[in-house]
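File shown: structure_17.txt. Contents: compact mmCIF, C-alpha atoms.
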```txt
# COMPACT_ATOMS: atom_id res chain seq x y z
CA MET A 1 10.88 111.11 181.43
CA PHE A 2 9.19 113.93 179.54
CA LEU A 3 11.35 116.72 178.06
CA HIS A 4 9.34 119.75 177.01
CA GLU A 5 9.61 122.06 174.01
CA GLY A 6 11.41 125.40 173.79
CA LEU A 7 8.48 127.33 175.26
CA GLY A 8 7.06 124.44 177.30
CA SER A 9 6.83 123.51 180.95
CA LEU A 10 5.58 120.74 183.18
CA ALA A 11 2.03 122.13 183.16
CA MET A 12 1.89 122.62 179.39
CA TRP A 13 1.96 118.85 178.84
CA ARG A 14 -1.50 118.86 180.50
CA GLU A 15 -2.97 115.37 180.85
CA PHE A 16 -0.88 113.75 178.11
CA PRO A 17 1.89 112.23 180.30
CA ALA A 18 -0.67 110.55 182.58
CA ARG A 19 -2.54 109.14 179.58
CA LEU A 20 0.63 107.81 177.98
CA CYS A 21 1.96 106.29 181.20
CA GLU A 22 -1.34 104.53 181.78
CA ALA A 23 -1.29 103.15 178.24
CA VAL A 24 2.22 101.71 178.56
CA GLY A 25 2.04 100.75 182.24
CA ALA A 26 4.93 102.98 183.31
CA ARG A 27 5.66 105.64 185.89
CA GLY A 28 6.32 109.11 184.52
CA LEU A 29 8.63 111.96 185.49
CA VAL A 30 7.79 115.44 184.17
CA TYR A 31 9.86 118.51 184.98
CA SER A 32 10.42 122.09 183.86
CA ARG A 33 13.96 122.95 182.80
CA PRO A 34 15.69 125.91 184.49
CA GLY A 35 14.14 129.14 183.21
CA TYR A 36 10.73 127.55 182.60
CA GLY A 37 7.49 126.93 184.45
CA ARG A 38 7.96 127.12 188.23
CA SER A 39 11.70 126.40 188.02
CA THR A 40 14.32 129.06 188.78
CA PRO A 41 14.07 131.81 186.13
CA ARG A 42 16.96 132.68 183.88
CA ALA A 43 18.82 135.77 185.05
CA ALA A 44 17.93 138.79 182.94
CA GLU A 45 21.52 139.20 181.71
CA GLU A 46 22.07 135.49 181.04
CA ALA A 47 22.29 134.60 177.35
CA TRP A 48 22.20 130.95 176.34
CA GLY A 49 25.16 129.62 174.43
CA LEU A 50 25.12 127.75 171.14
CA ASP A 51 25.53 124.56 173.18
CA PHE A 52 22.47 125.10 175.38
CA MET A 53 20.80 121.83 174.34
CA HIS A 54 24.07 119.91 174.77
CA ARG A 55 24.38 121.25 178.31
CA GLN A 56 20.84 120.20 179.14
CA ALA A 57 21.54 116.67 177.84
CA HIS A 58 25.05 116.19 179.17
CA GLU A 59 24.93 118.13 182.46
CA VAL A 60 21.44 119.08 183.68
CA LEU A 61 19.56 115.84 182.96
CA PRO A 62 22.22 113.57 184.55
CA ALA A 63 22.33 115.92 187.58
CA LEU A 64 18.54 115.78 187.90
CA LEU A 65 18.55 111.97 187.79
CA ALA A 66 21.26 111.87 190.45
CA ALA A 67 19.40 114.35 192.67
CA LEU A 68 16.28 112.18 192.43
CA ASP A 69 18.28 109.03 193.27
CA VAL A 70 17.44 107.51 189.89
CA ASP A 71 20.11 104.98 188.94
CA ALA A 72 19.86 105.23 185.16
CA GLU A 73 22.36 102.44 184.62
CA ALA A 74 20.56 99.95 186.87
CA ASP A 75 17.06 100.96 185.73
CA PRO A 76 17.37 102.88 182.45
CA PRO A 77 14.49 105.24 181.65
CA TRP A 78 12.70 105.96 178.40
CA LEU A 79 12.93 109.56 177.22
CA PHE A 80 9.98 111.30 175.57
CA GLY A 81 11.07 114.64 174.14
CA HIS A 82 9.26 117.34 172.18
CA SER A 83 10.99 119.86 169.86
CA ASP A 84 14.03 121.21 171.76
CA GLY A 85 13.31 118.47 174.30
CA GLY A 86 13.48 115.95 171.46
CA SER A 87 16.90 117.23 170.47
CA ILE A 88 18.02 117.01 174.11
CA ALA A 89 16.80 113.41 174.20
CA LEU A 90 18.81 112.61 171.05
CA LEU A 91 21.95 114.14 172.54
CA TYR A 92 21.49 112.20 175.79
CA ALA A 93 20.96 108.98 173.82
CA ALA A 94 24.13 109.56 171.81
CA ARG A 95 26.25 110.18 174.93
CA PHE A 96 24.71 107.82 177.52
CA ALA A 97 23.75 104.69 175.63
CA HIS A 98 24.25 102.56 178.76
CA ALA A 99 21.75 104.65 180.74
CA LEU A 100 18.72 104.64 178.45
CA ARG A 101 16.16 102.07 177.33
CA GLY A 102 15.08 104.12 174.35
CA ALA A 103 13.66 107.43 173.18
CA ILE A 104 10.60 108.82 171.47
CA VAL A 105 11.15 112.26 169.96
CA LEU A 106 8.41 114.56 168.62
CA ALA A 107 9.28 117.24 166.08
CA PRO A 108 12.98 117.13 167.01
CA HIS A 109 15.60 119.42 165.49
CA ILE A 110 18.84 117.93 164.17
CA ARG A 111 19.79 121.12 162.32
CA VAL A 112 18.46 124.65 161.84
CA GLU A 113 16.16 125.15 158.86
CA ASP A 114 14.88 128.34 157.24
CA LEU A 115 11.33 127.34 158.18
CA SER A 116 12.30 127.13 161.86
CA VAL A 117 13.86 130.59 161.86
CA GLN A 118 10.91 132.13 160.02
CA SER A 119 8.39 130.70 162.49
CA ILE A 120 10.49 131.72 165.50
CA GLU A 121 10.68 135.25 164.10
CA LYS A 122 6.87 135.23 163.87
CA ALA A 123 6.74 134.11 167.50
CA ARG A 124 8.93 137.09 168.47
CA ARG A 125 6.47 139.48 166.84
CA ALA A 126 3.54 137.72 168.51
CA TYR A 127 5.24 138.03 171.90
CA GLN A 128 5.92 141.73 171.45
CA ASP A 129 2.76 142.82 169.63
CA ALA A 130 0.02 140.25 170.35
CA ASP A 131 -1.09 138.09 173.27
CA LEU A 132 1.63 135.42 173.36
CA ARG A 133 3.20 136.86 176.52
CA GLN A 134 -0.13 136.75 178.34
CA ARG A 135 -0.74 133.16 177.26
CA LEU A 136 2.71 132.03 178.39
CA ALA A 137 2.28 133.80 181.74
CA LYS A 138 -0.28 131.11 182.67
CA TYR A 139 2.47 128.49 182.64
CA HIS A 140 5.71 130.33 183.54
CA ASP A 141 6.47 132.33 186.68
CA ASP A 142 8.67 134.53 184.48
CA PRO A 143 7.49 134.38 180.86
CA ASP A 144 10.27 136.75 179.74
CA SER A 145 12.84 134.28 181.09
CA ALA A 146 11.32 131.41 179.13
CA PHE A 147 10.64 133.28 175.91
CA TRP A 148 13.76 135.37 175.45
CA GLY A 149 16.16 132.63 176.46
CA TRP A 150 14.73 130.45 173.69
CA ASN A 151 13.98 133.10 171.08
CA ARG A 152 17.26 135.00 171.18
CA ILE A 153 19.47 131.95 170.79
CA TRP A 154 17.43 130.53 167.91
CA LEU A 155 17.56 133.91 166.11
CA HIS A 156 21.25 134.48 166.91
CA PRO A 157 22.98 134.38 163.48
CA PRO A 158 25.78 131.95 164.52
CA PHE A 159 23.13 129.46 165.65
CA ARG A 160 22.22 128.91 161.99
CA GLN A 161 25.23 126.57 161.81
CA TRP A 162 24.01 124.41 164.73
CA SER A 163 23.70 120.73 163.85
CA ILE A 164 23.72 117.41 165.69
CA GLU A 165 23.55 115.30 162.53
CA ALA A 166 26.97 113.72 163.09
CA GLU A 167 26.49 113.18 166.83
CA ILE A 168 23.26 111.21 166.55
CA GLU A 169 25.03 108.52 164.52
CA ALA A 170 26.27 107.21 167.89
CA ILE A 171 22.72 106.35 169.05
CA ARG A 172 22.29 102.61 169.65
CA CYS A 173 19.04 102.47 171.65
CA PRO A 174 15.53 102.01 170.19
CA LEU A 175 14.34 105.30 168.71
CA LEU A 176 10.98 106.50 167.38
CA ALA A 177 10.89 109.89 165.64
CA VAL A 178 7.50 111.53 165.07
CA GLN A 179 6.57 114.60 163.06
CA GLY A 180 3.38 116.21 161.83
CA LEU A 181 2.92 116.77 158.12
CA ASP A 182 1.93 120.38 158.87
CA ASP A 183 4.75 121.20 161.30
CA GLU A 184 5.40 124.95 161.12
CA TYR A 185 8.80 124.71 162.85
CA GLY A 186 10.51 122.02 160.80
CA THR A 187 10.30 119.98 157.62
CA LEU A 188 10.03 116.21 157.40
CA GLU A 189 13.74 116.19 156.61
CA GLN A 190 14.33 116.34 160.37
CA VAL A 191 12.88 112.87 161.07
CA ARG A 192 13.97 111.46 157.73
CA GLY A 193 17.48 112.69 158.46
CA ILE A 194 17.38 110.82 161.75
CA ALA A 195 16.29 107.65 159.97
CA ARG A 196 19.22 107.88 157.55
CA ARG A 197 21.76 108.31 160.36
CA VAL A 198 20.32 105.91 162.96
CA PRO A 199 19.66 102.57 161.22
CA GLN A 200 17.41 101.12 163.95
CA ALA A 201 15.23 104.25 164.14
CA GLN A 202 11.58 104.13 163.20
CA TRP A 203 9.74 107.22 162.10
CA LEU A 204 6.11 108.25 161.96
CA GLU A 205 4.63 111.09 159.92
CA LEU A 206 1.21 112.17 161.19
CA PRO A 207 -1.50 113.81 159.02
CA ALA A 208 -3.49 116.82 160.19
CA CYS A 209 -0.74 117.55 162.69
CA GLY A 210 1.44 120.57 163.37
CA HIS A 211 4.42 121.01 165.67
CA SER A 212 2.75 119.38 168.70
CA PRO A 213 1.65 115.80 167.93
CA HIS A 214 0.67 115.21 171.58
CA ARG A 215 -1.94 117.96 171.22
CA ASP A 216 -2.98 117.52 167.58
CA GLN A 217 -3.03 113.70 167.36
CA PRO A 218 -2.83 112.38 170.94
CA ASP A 219 -4.63 109.08 170.35
CA LEU A 220 -2.54 108.13 167.32
CA LEU A 221 0.62 109.10 169.17
CA ILE A 222 -0.25 107.18 172.33
CA ASN A 223 -1.11 104.04 170.35
CA ALA A 224 2.08 104.24 168.30
CA THR A 225 4.24 104.87 171.37
CA ALA A 226 2.63 102.02 173.31
CA ARG A 227 3.24 99.59 170.42
CA PHE A 228 6.84 100.74 170.13
CA ILE A 229 7.66 100.43 173.83
CA ARG A 230 5.84 97.13 174.27
CA GLY A 231 7.54 95.67 171.23
CA HIS A 232 10.96 96.45 172.60
CA ALA A 233 10.01 95.30 176.11
CA GLN A 234 8.95 91.93 174.68
CA ALA A 235 12.19 91.66 172.70
CA ASP A 236 14.20 92.40 175.87
CA THR A 237 12.29 89.72 177.77
CA GLN A 238 12.87 87.16 175.04
CA ARG A 239 16.60 87.93 174.94
CA ALA A 240 16.85 87.63 178.71
CA HIS A 241 14.95 84.33 178.63
CA GLY A 242 17.25 83.02 175.91
CA ALA A 243 20.33 84.08 177.84
CA SER A 244 19.09 82.23 180.95
CA HIS A 245 19.13 79.03 178.97
```
Could the structure of this file be written out as structure tokens, please?
Amino acid sequence: MFLHEGLGSLAMWREFPARLCEAVGARGLVYSRPGYGRSTPRAAEEAWGLDFMHRQAHEVLPALLAALDVDAEADPPWLFGHSDGGSIALLYAARFAHALRGAIVLAPHIRVEDLSVQSIEKARRAYQDADLRQRLAKYHDDPDSAFWGWNRIWLHPPFRQWSIEAEIEAIRCPLLAVQGLDDEYGTLEQVRGIARRVPQAQWLELPACGHSPHRDQPDLLINATARFIRGHAQADTQRAHGASH
């Protein structure tokens, strides 16, 4: 299951999900969260709360799985999340360990950094004064819904205290955290912080890569993800074989 970034949508993944699923031999599920893409827009007066990523992980994603008749306990999925979607994947993994095979998170946020706020403020100016709105309109039925829902909560002063550092210590599933060395929305402390708090986590730092590893380094990312998933699939098979004896 692919969980998009704070300004993303189903279409903005482009061909990457199909390429990754082919490489790992898996089916893929890609969706746009409410307020994004072709999903129901956010009401103009609706302001997201400080817990908006928690609600996506704890309420919306389980409801989506149920609506699609996906039994996550009988056949646990892998989550592949980018940016805000990576944080949502971490929160789901911490809460629903029994309903997840593992997670790969790209440029996730576990706390708010000055760099994140500075870049999101630049995005606000680009939306108001440059062509960002026109570019987003290609992917969202209501670009104002997508942009302002995300931008206003990230620039809301109380959101500076947002952190999931303590919560992710509950993660028990396999976890791969990936970040570009040139990420303009977060420092490497995000993935290194995950590694300190989740002992089984692996992390990958990609050169010549900004905030979107699936666009900047797709081949490296696909190869690393395929190795990670296959390695854990083989370990699961070996454990099951040992248990049968």
Hey, which bits of stretch 49-86 of chain A sit within 12 Å of stretch 25-28 of chain A, and for each residue what's the closest pair of atoms and how far apart in Å (one decimal), counting all atoms listed in the file, rows by chain and increasing number, as a tab-separated table?
```
residue	atom	partner	partner_atom	distance
A:Pro77	CA	A:Gly28	CA	9.5
A:Trp78	CA	A:Gly28	CA	9.4
A:Leu79	CA	A:Gly28	CA	9.9
A:Phe80	CA	A:Gly28	CA	9.9
```
Revision key, fill the gap. Across A:Gln56, A:Ser145, A:Gln179, A:Thr187, the smallest distance to A:Pro207, with only C-alpha atoms counted, is shown by A:Gln179
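Excluding A:Leu188 itself and same-chain residues fewer than 5 positions from it, the residues having an atom within 10 Å of it are Ala107, Val178, Gln179, Gly180, Leu181, Asp182, Asp183, Gly193, Leu204 and Glu205 of chain A, counting only C-alpha atoms.
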Review point. Which residues come within 10 Å of A:Thr225, counting all atoms listed in the file, excluding same-chain residues fewer than 4 positions away, as an NGL selection string?
Key: :A and (20 or 23-24 or 80 or 103-104 or 176 or 178 or 219-221 or 229-231)
Review point. Which residue gives the smallest distance to A:Arg133 among A:Glu121, A:Trp148, A:Arg55, A:Pro213, with only C-alpha atoms counted?
Key: A:Trp148
Practice item. Give the answer as one residue: which of A:Gly81, A:Gly86, A:Pro174, A:Pro157 has the shortest atom-to-atom distance to A:Pro17, using only C-alpha atoms? Key: A:Gly81
Is it possible to add N, CA, C and O atoms to stretch 203-217 of chain A and hand it back as an mmCIF file, keeping the file's coordinate frame?
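Once written, out_36.cif looks like this:
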```
data_model
loop_
_atom_site.group_PDB
_atom_site.id
_atom_site.type_symbol
_atom_site.label_atom_id
_atom_site.label_comp_id
_atom_site.auth_asym_id
_atom_site.auth_seq_id
_atom_site.Cartn_x
_atom_site.Cartn_y
_atom_site.Cartn_z
ATOM 1 N N TRP A 203 10.300 105.882 162.118
ATOM 2 C CA TRP A 203 9.740 107.220 162.100
ATOM 3 C C TRP A 203 8.284 107.177 161.684
ATOM 4 O O TRP A 203 7.836 106.266 160.997
ATOM 5 N N LEU A 204 7.551 108.178 162.161
ATOM 6 C CA LEU A 204 6.110 108.250 161.960
ATOM 7 C C LEU A 204 5.762 109.671 161.544
ATOM 8 O O LEU A 204 6.134 110.628 162.222
ATOM 9 N N GLU A 205 5.072 109.788 160.417
ATOM 10 C CA GLU A 205 4.630 111.090 159.920
ATOM 11 C C GLU A 205 3.112 111.153 160.060
ATOM 12 O O GLU A 205 2.400 110.330 159.490
ATOM 13 N N LEU A 206 2.620 112.125 160.848
ATOM 14 C CA LEU A 206 1.210 112.170 161.190
ATOM 15 C C LEU A 206 0.455 113.215 160.364
ATOM 16 O O LEU A 206 0.886 114.364 160.268
ATOM 17 N N PRO A 207 -0.678 112.838 159.777
ATOM 18 C CA PRO A 207 -1.500 113.810 159.020
ATOM 19 C C PRO A 207 -2.263 114.724 159.959
ATOM 20 O O PRO A 207 -2.444 114.423 161.149
ATOM 21 N N ALA A 208 -2.707 115.847 159.417
ATOM 22 C CA ALA A 208 -3.490 116.820 160.190
ATOM 23 C C ALA A 208 -2.821 117.117 161.524
ATOM 24 O O ALA A 208 -3.437 117.080 162.589
ATOM 25 N N CYS A 209 -1.519 117.396 161.469
ATOM 26 C CA CYS A 209 -0.740 117.550 162.690
ATOM 27 C C CYS A 209 0.341 118.601 162.477
ATOM 28 O O CYS A 209 1.094 118.541 161.499
ATOM 29 N N GLY A 210 0.421 119.542 163.421
ATOM 30 C CA GLY A 210 1.440 120.570 163.370
ATOM 31 C C GLY A 210 2.648 120.206 164.221
ATOM 32 O O GLY A 210 3.060 119.045 164.280
ATOM 33 N N HIS A 211 3.173 121.193 164.937
ATOM 34 C CA HIS A 211 4.420 121.010 165.670
ATOM 35 C C HIS A 211 4.245 120.229 166.982
ATOM 36 O O HIS A 211 5.233 119.827 167.574
ATOM 37 N N SER A 212 2.996 120.019 167.401
ATOM 38 C CA SER A 212 2.750 119.380 168.700
ATOM 39 C C SER A 212 1.874 118.142 168.526
ATOM 40 O O SER A 212 0.662 118.189 168.751
ATOM 41 N N PRO A 213 2.453 117.007 168.143
ATOM 42 C CA PRO A 213 1.650 115.800 167.930
ATOM 43 C C PRO A 213 0.862 115.364 169.160
ATOM 44 O O PRO A 213 -0.233 114.802 169.029
ATOM 45 N N HIS A 214 1.387 115.620 170.369
ATOM 46 C CA HIS A 214 0.670 115.210 171.580
ATOM 47 C C HIS A 214 -0.589 116.034 171.814
ATOM 48 O O HIS A 214 -1.467 115.614 172.572
ATOM 49 N N ARG A 215 -0.703 117.182 171.147
ATOM 50 C CA ARG A 215 -1.940 117.960 171.220
ATOM 51 C C ARG A 215 -2.813 117.745 169.985
ATOM 52 O O ARG A 215 -4.045 117.678 170.095
ATOM 53 N N ASP A 216 -2.202 117.631 168.811
ATOM 54 C CA ASP A 216 -2.980 117.520 167.580
ATOM 55 C C ASP A 216 -3.467 116.106 167.291
ATOM 56 O O ASP A 216 -4.546 115.927 166.733
ATOM 57 N N GLN A 217 -2.672 115.095 167.635
ATOM 58 C CA GLN A 217 -3.030 113.700 167.360
ATOM 59 C C GLN A 217 -2.687 112.816 168.571
ATOM 60 O O GLN A 217 -1.930 111.852 168.450
#
```
